[in-house]
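In what follows, a structure is listed as structure tokens, so that the remarks can point back to it.
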Number of protein chains: 2
Amino acid sequence: MARAATTTDAFNAVAEPRRRQILDLLATGEHAVNDLVAALGVAQPQVSKHLRVLREVGLVEVRDEGRQRLYRLDGRSLKPIHDWIKAYERAWEARFEAMDEVLDDLKRQEH
Amino acid sequence: MARAATTTDAFNAVAEPRRRQILDLLATGEHAVNDLVAALGVAQPQVSKHLRVLREVGLVEVRDEGRQRLYRLDGRSLKPIHDWIKAYERAWEARFEAMDEVLDDLKRQEH
DNA sequence: TTGACATATGCCTATATCGGCATATATAGT
DNA sequence: ACTATATATGCCGATATAGGCATATGTCAA
């Protein structure tokens, strides 16, 4: 078997940095594809493909407006990620982890 | 180009469900490989490979104890995911009132 | 209708994956 | 030294990717 498809779920879709960037941009509101192309400095076809992945996992929605297609965020599909990672919040807040961090800092200073 | 390596960052490493399962198990404390094998019902080599990926991105650490290797969670590498997704909390909880705030958070974090 | 603009899709290639399975390495016990 | 146990690694095959680039589809305007 190969790796799970990027369209399998939000976890896979969001593993790609460019797609996170796109979501970050869409977090400010609706944007046409060309807006994203300009903001990202990426070729238009690649942006459209990333948007297709995001749409297939329900992270964005489209709306036709003339010859433009306006994409907007639908953050609900991000909730599973949030719910999963939330259980780990204490994993870097706990004291023994903080101790590890302190030790690492000390090691780093020995240069 | 192909997809980014699973060992690129926590986002890619955690996109695989089995690896999330492993982290969930390790969240309860140190575990030997065979413990995980038994709990997951997966062949031992695959578990070792998943653990290698998790170790390469700093999500787990190993400790030798006799002929066993005890793995434990290091949740600090999950923080980037948490920080990124945290900005979207309101995207499914509330209306678009706080979107400006979301944007500010994002800009402060990733760039 | 023609042409400009906006977006999507198709084809290509190189690459990394995951699982299955065999095997190598390491340690403990007798 | 030999054997059982614990874990890691190597090779295989099938598959999906991301970017590059050409092209198709769709829409407006003169």
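Chains: A, B, ... in order of the structure tokens. Residues: from 1 per chain. Ligands: from 1, in order shown.
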Output chain B as a PDB file with C-alpha atoms, in the first residue's frame, after least-squares fitting it to chain A on all in-order C-alpha pairs.
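Output file selection.pdb follows:
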ATOM      1  CA  MET B   1       5.735   2.190   0.686  1.00  0.00           C
ATOM      2  CA  ALA B   2       5.701   5.750  -0.443  1.00  0.00           C
ATOM      3  CA  ARG B   3       5.156   8.876   1.554  1.00  0.00           C
ATOM      4  CA  ALA B   4       1.757   9.336   3.125  1.00  0.00           C
ATOM      5  CA  ALA B   5      -0.755  11.111   0.940  1.00  0.00           C
ATOM      6  CA  THR B   6      -0.997  14.859   1.311  1.00  0.00           C
ATOM      7  CA  THR B   7      -4.663  14.336   2.064  1.00  0.00           C
ATOM      8  CA  THR B   8      -3.935  12.062   4.999  1.00  0.00           C
ATOM      9  CA  ASP B   9      -4.105  14.805   7.612  1.00  0.00           C
ATOM     10  CA  ALA B  10      -3.454  18.474   8.211  1.00  0.00           C
ATOM     11  CA  PHE B  11       0.225  17.819   8.925  1.00  0.00           C
ATOM     12  CA  ASN B  12       0.780  16.493   5.416  1.00  0.00           C
ATOM     13  CA  ALA B  13      -1.476  19.009   3.724  1.00  0.00           C
ATOM     14  CA  VAL B  14       0.247  21.932   5.369  1.00  0.00           C
ATOM     15  CA  ALA B  15       3.758  20.754   4.591  1.00  0.00           C
ATOM     16  CA  GLU B  16       3.382  22.395   1.205  1.00  0.00           C
ATOM     17  CA  PRO B  17       4.270  26.109   1.375  1.00  0.00           C
ATOM     18  CA  ARG B  18       1.757  27.117  -1.281  1.00  0.00           C
ATOM     19  CA  ARG B  19      -1.027  25.584   0.733  1.00  0.00           C
ATOM     20  CA  ARG B  20       0.061  27.508   3.806  1.00  0.00           C
ATOM     21  CA  GLN B  21       0.012  30.654   1.699  1.00  0.00           C
ATOM     22  CA  ILE B  22      -3.507  29.856   0.582  1.00  0.00           C
ATOM     23  CA  LEU B  23      -4.610  29.354   4.167  1.00  0.00           C
ATOM     24  CA  ASP B  24      -2.966  32.632   5.117  1.00  0.00           C
ATOM     25  CA  LEU B  25      -4.969  34.381   2.435  1.00  0.00           C
ATOM     26  CA  LEU B  26      -8.175  32.671   3.470  1.00  0.00           C
ATOM     27  CA  ALA B  27      -7.541  33.692   7.043  1.00  0.00           C
ATOM     28  CA  THR B  28      -8.615  37.172   5.987  1.00  0.00           C
ATOM     29  CA  GLY B  29     -11.985  35.913   4.829  1.00  0.00           C
ATOM     30  CA  GLU B  30     -13.758  34.258   1.965  1.00  0.00           C
ATOM     31  CA  HIS B  31     -12.041  34.378  -1.405  1.00  0.00           C
ATOM     32  CA  ALA B  32     -12.841  33.228  -4.908  1.00  0.00           C
ATOM     33  CA  VAL B  33     -10.348  31.030  -6.706  1.00  0.00           C
ATOM     34  CA  ASN B  34      -9.287  33.786  -9.049  1.00  0.00           C
ATOM     35  CA  ASP B  35      -8.518  36.055  -6.122  1.00  0.00           C
ATOM     36  CA  LEU B  36      -6.072  33.472  -4.886  1.00  0.00           C
ATOM     37  CA  VAL B  37      -4.674  32.939  -8.363  1.00  0.00           C
ATOM     38  CA  ALA B  38      -3.968  36.646  -8.680  1.00  0.00           C
ATOM     39  CA  ALA B  39      -2.527  36.957  -5.199  1.00  0.00           C
ATOM     40  CA  LEU B  40      -0.266  33.935  -5.537  1.00  0.00           C
ATOM     41  CA  GLY B  41       0.832  34.350  -9.131  1.00  0.00           C
ATOM     42  CA  VAL B  42       0.289  30.659  -9.700  1.00  0.00           C
ATOM     43  CA  ALA B  43      -1.571  28.996 -12.551  1.00  0.00           C
ATOM     44  CA  GLN B  44      -5.252  28.482 -11.851  1.00  0.00           C
ATOM     45  CA  PRO B  45      -5.293  24.673 -12.154  1.00  0.00           C
ATOM     46  CA  GLN B  46      -2.585  24.329  -9.521  1.00  0.00           C
ATOM     47  CA  VAL B  47      -4.510  26.551  -7.163  1.00  0.00           C
ATOM     48  CA  SER B  48      -7.645  24.482  -7.666  1.00  0.00           C
ATOM     49  CA  LYS B  49      -5.671  21.343  -6.935  1.00  0.00           C
ATOM     50  CA  HIS B  50      -4.223  22.771  -3.758  1.00  0.00           C
ATOM     51  CA  LEU B  51      -7.711  23.808  -2.715  1.00  0.00           C
ATOM     52  CA  ARG B  52      -8.909  20.281  -3.315  1.00  0.00           C
ATOM     53  CA  VAL B  53      -6.279  18.902  -0.973  1.00  0.00           C
ATOM     54  CA  LEU B  54      -7.167  21.485   1.646  1.00  0.00           C
ATOM     55  CA  ARG B  55     -10.827  20.634   1.284  1.00  0.00           C
ATOM     56  CA  GLU B  56     -10.237  16.907   1.590  1.00  0.00           C
ATOM     57  CA  VAL B  57      -8.557  17.358   4.951  1.00  0.00           C
ATOM     58  CA  GLY B  58     -11.252  19.750   6.095  1.00  0.00           C
ATOM     59  CA  LEU B  59      -9.101  22.846   6.200  1.00  0.00           C
ATOM     60  CA  VAL B  60     -11.342  24.819   3.863  1.00  0.00           C
ATOM     61  CA  GLU B  61     -14.961  24.836   2.840  1.00  0.00           C
ATOM     62  CA  VAL B  62     -16.568  25.950  -0.390  1.00  0.00           C
ATOM     63  CA  ARG B  63     -19.688  27.844  -1.234  1.00  0.00           C
ATOM     64  CA  ASP B  64     -21.096  28.365  -4.694  1.00  0.00           C
ATOM     65  CA  GLU B  65     -21.911  31.893  -5.669  1.00  0.00           C
ATOM     66  CA  GLY B  66     -22.859  32.244  -9.287  1.00  0.00           C
ATOM     67  CA  ARG B  67     -19.986  31.060 -11.387  1.00  0.00           C
ATOM     68  CA  GLN B  68     -17.551  31.601  -8.602  1.00  0.00           C
ATOM     69  CA  ARG B  69     -16.635  29.242  -5.814  1.00  0.00           C
ATOM     70  CA  LEU B  70     -15.882  30.992  -2.580  1.00  0.00           C
ATOM     71  CA  TYR B  71     -13.469  29.244  -0.270  1.00  0.00           C
ATOM     72  CA  ARG B  72     -13.210  29.928   3.404  1.00  0.00           C
ATOM     73  CA  LEU B  73     -10.965  28.686   6.162  1.00  0.00           C
ATOM     74  CA  ASP B  74     -12.044  26.066   8.646  1.00  0.00           C
ATOM     75  CA  GLY B  75      -9.321  26.279  11.220  1.00  0.00           C
ATOM     76  CA  ARG B  76     -10.555  23.428  13.359  1.00  0.00           C
ATOM     77  CA  SER B  77      -8.494  20.933  11.388  1.00  0.00           C
ATOM     78  CA  LEU B  78      -5.398  22.860  12.409  1.00  0.00           C
ATOM     79  CA  LYS B  79      -5.976  22.226  16.055  1.00  0.00           C
ATOM     80  CA  PRO B  80      -4.164  18.858  16.127  1.00  0.00           C
ATOM     81  CA  ILE B  81      -1.043  20.593  14.861  1.00  0.00           C
ATOM     82  CA  HIS B  82      -1.427  23.337  17.396  1.00  0.00           C
ATOM     83  CA  ASP B  83      -1.964  20.889  20.213  1.00  0.00           C
ATOM     84  CA  TRP B  84       1.057  18.847  19.232  1.00  0.00           C
ATOM     85  CA  ILE B  85       3.436  21.739  18.824  1.00  0.00           C
ATOM     86  CA  LYS B  86       2.187  23.571  21.880  1.00  0.00           C
ATOM     87  CA  ALA B  87       3.798  20.946  24.076  1.00  0.00           C
ATOM     88  CA  TYR B  88       7.175  21.946  22.668  1.00  0.00           C
ATOM     89  CA  GLU B  89       6.868  25.669  23.343  1.00  0.00           C
ATOM     90  CA  ARG B  90       9.250  25.477  26.222  1.00  0.00           C
ATOM     91  CA  ALA B  91      11.777  23.517  24.191  1.00  0.00           C
ATOM     92  CA  TRP B  92      13.101  26.769  22.807  1.00  0.00           C
ATOM     93  CA  GLU B  93      11.963  29.222  25.453  1.00  0.00           C
ATOM     94  CA  ALA B  94      13.312  27.697  28.630  1.00  0.00           C
ATOM     95  CA  ARG B  95      15.643  25.093  29.980  1.00  0.00           C
ATOM     96  CA  PHE B  96      14.760  21.500  30.551  1.00  0.00           C
ATOM     97  CA  GLU B  97      12.869  22.147  33.768  1.00  0.00           C
ATOM     98  CA  ALA B  98       9.418  21.527  32.385  1.00  0.00           C
ATOM     99  CA  MET B  99      10.169  18.510  30.252  1.00  0.00           C
ATOM    100  CA  ASP B 100       8.183  16.193  32.454  1.00  0.00           C
ATOM    101  CA  GLU B 101       5.204  18.412  31.986  1.00  0.00           C
ATOM    102  CA  VAL B 102       5.737  18.315  28.237  1.00  0.00           C
ATOM    103  CA  LEU B 103       5.744  14.559  28.303  1.00  0.00           C
ATOM    104  CA  ASP B 104       2.533  14.409  30.260  1.00  0.00           C
ATOM    105  CA  ASP B 105       0.842  16.691  27.783  1.00  0.00           C
ATOM    106  CA  LEU B 106       1.992  14.591  24.881  1.00  0.00           C
ATOM    107  CA  LYS B 107       0.809  11.362  26.372  1.00  0.00           C
ATOM    108  CA  ARG B 108      -2.572  12.811  27.085  1.00  0.00           C
ATOM    109  CA  GLN B 109      -2.916  14.033  23.520  1.00  0.00           C
ATOM    110  CA  GLU B 110      -1.715  11.533  20.991  1.00  0.00           C
ATOM    111  CA  HIS B 111      -2.402   8.178  22.578  1.00  0.00           C
TER     112      HIS B 111
END
Item to complete: Apply DSSP to the backbone of this structure and, from chain B, keep only the residues in helix (DSSP H, G or I); write these as JSON, numbers by chain.
Response: {"B": [10, 11, 12, 13, 17, 18, 19, 20, 21, 22, 23, 24, 25, 26, 33, 34, 35, 36, 37, 38, 39, 40, 44, 45, 46, 47, 48, 49, 50, 51, 52, 53, 54, 55, 56, 75, 76, 77, 78, 79, 80, 81, 82, 83, 84, 85, 86, 89, 90, 91, 92, 93, 96, 97, 98, 99, 100, 101, 102, 103, 104, 105, 106, 107, 108, 109, 110]}
Using only C-alpha atoms (C1' of nucleotides), what does the table of chain D residues within 12 Å of chain B look like, with each row giving the shortest atom pair and its distance in Å to one decimal, sorted by chain and ascending number, as CSV?
residue,atom,partner,partner_atom,distance
D:DA4,C1',B:Arg67,CA,11.9
D:DT5,C1',B:Arg67,CA,8.0
D:DA6,C1',B:Arg67,CA,5.6
D:DT7,C1',B:Gln68,CA,7.4
D:DA8,C1',B:Ser48,CA,7.0
D:DT9,C1',B:Pro45,CA,8.8
D:DG10,C1',B:Pro45,CA,11.3
D:DA16,C1',B:Arg3,CA,8.6
D:DT17,C1',B:Arg3,CA,5.0
D:DA18,C1',B:Met1,CA,4.9
D:DG19,C1',B:Met1,CA,5.7
D:DG20,C1',B:Met1,CA,9.7
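Near chain A, within 10 Å and using only C-alpha atoms (C1' of nucleotides), the residues of chain C are DC5, DA6, DT7, DA8, DT9, DA16, DT17, DC18, DG19 and DG20 of chain C.
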Write the residues you've just listed into a file as a tab-separated table (two decimals), in the first residue's frame, and include C-alpha atoms (C1' of nucleotides) for each of them.
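New file selection-v6.tsv:
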chain	number	residue	atom	x	y	z
C	5	DC	C1'	-9.86	36.98	-18.63
C	6	DA	C1'	-10.56	33.33	-14.75
C	7	DT	C1'	-10.24	28.79	-13.40
C	8	DA	C1'	-10.02	23.73	-13.89
C	9	DT	C1'	-8.14	19.55	-15.73
C	16	DA	C1'	8.35	8.47	-0.94
C	17	DT	C1'	5.23	5.91	1.04
C	18	DC	C1'	3.00	1.55	3.63
C	19	DG	C1'	2.47	-3.15	4.25
C	20	DG	C1'	4.35	-7.86	3.86
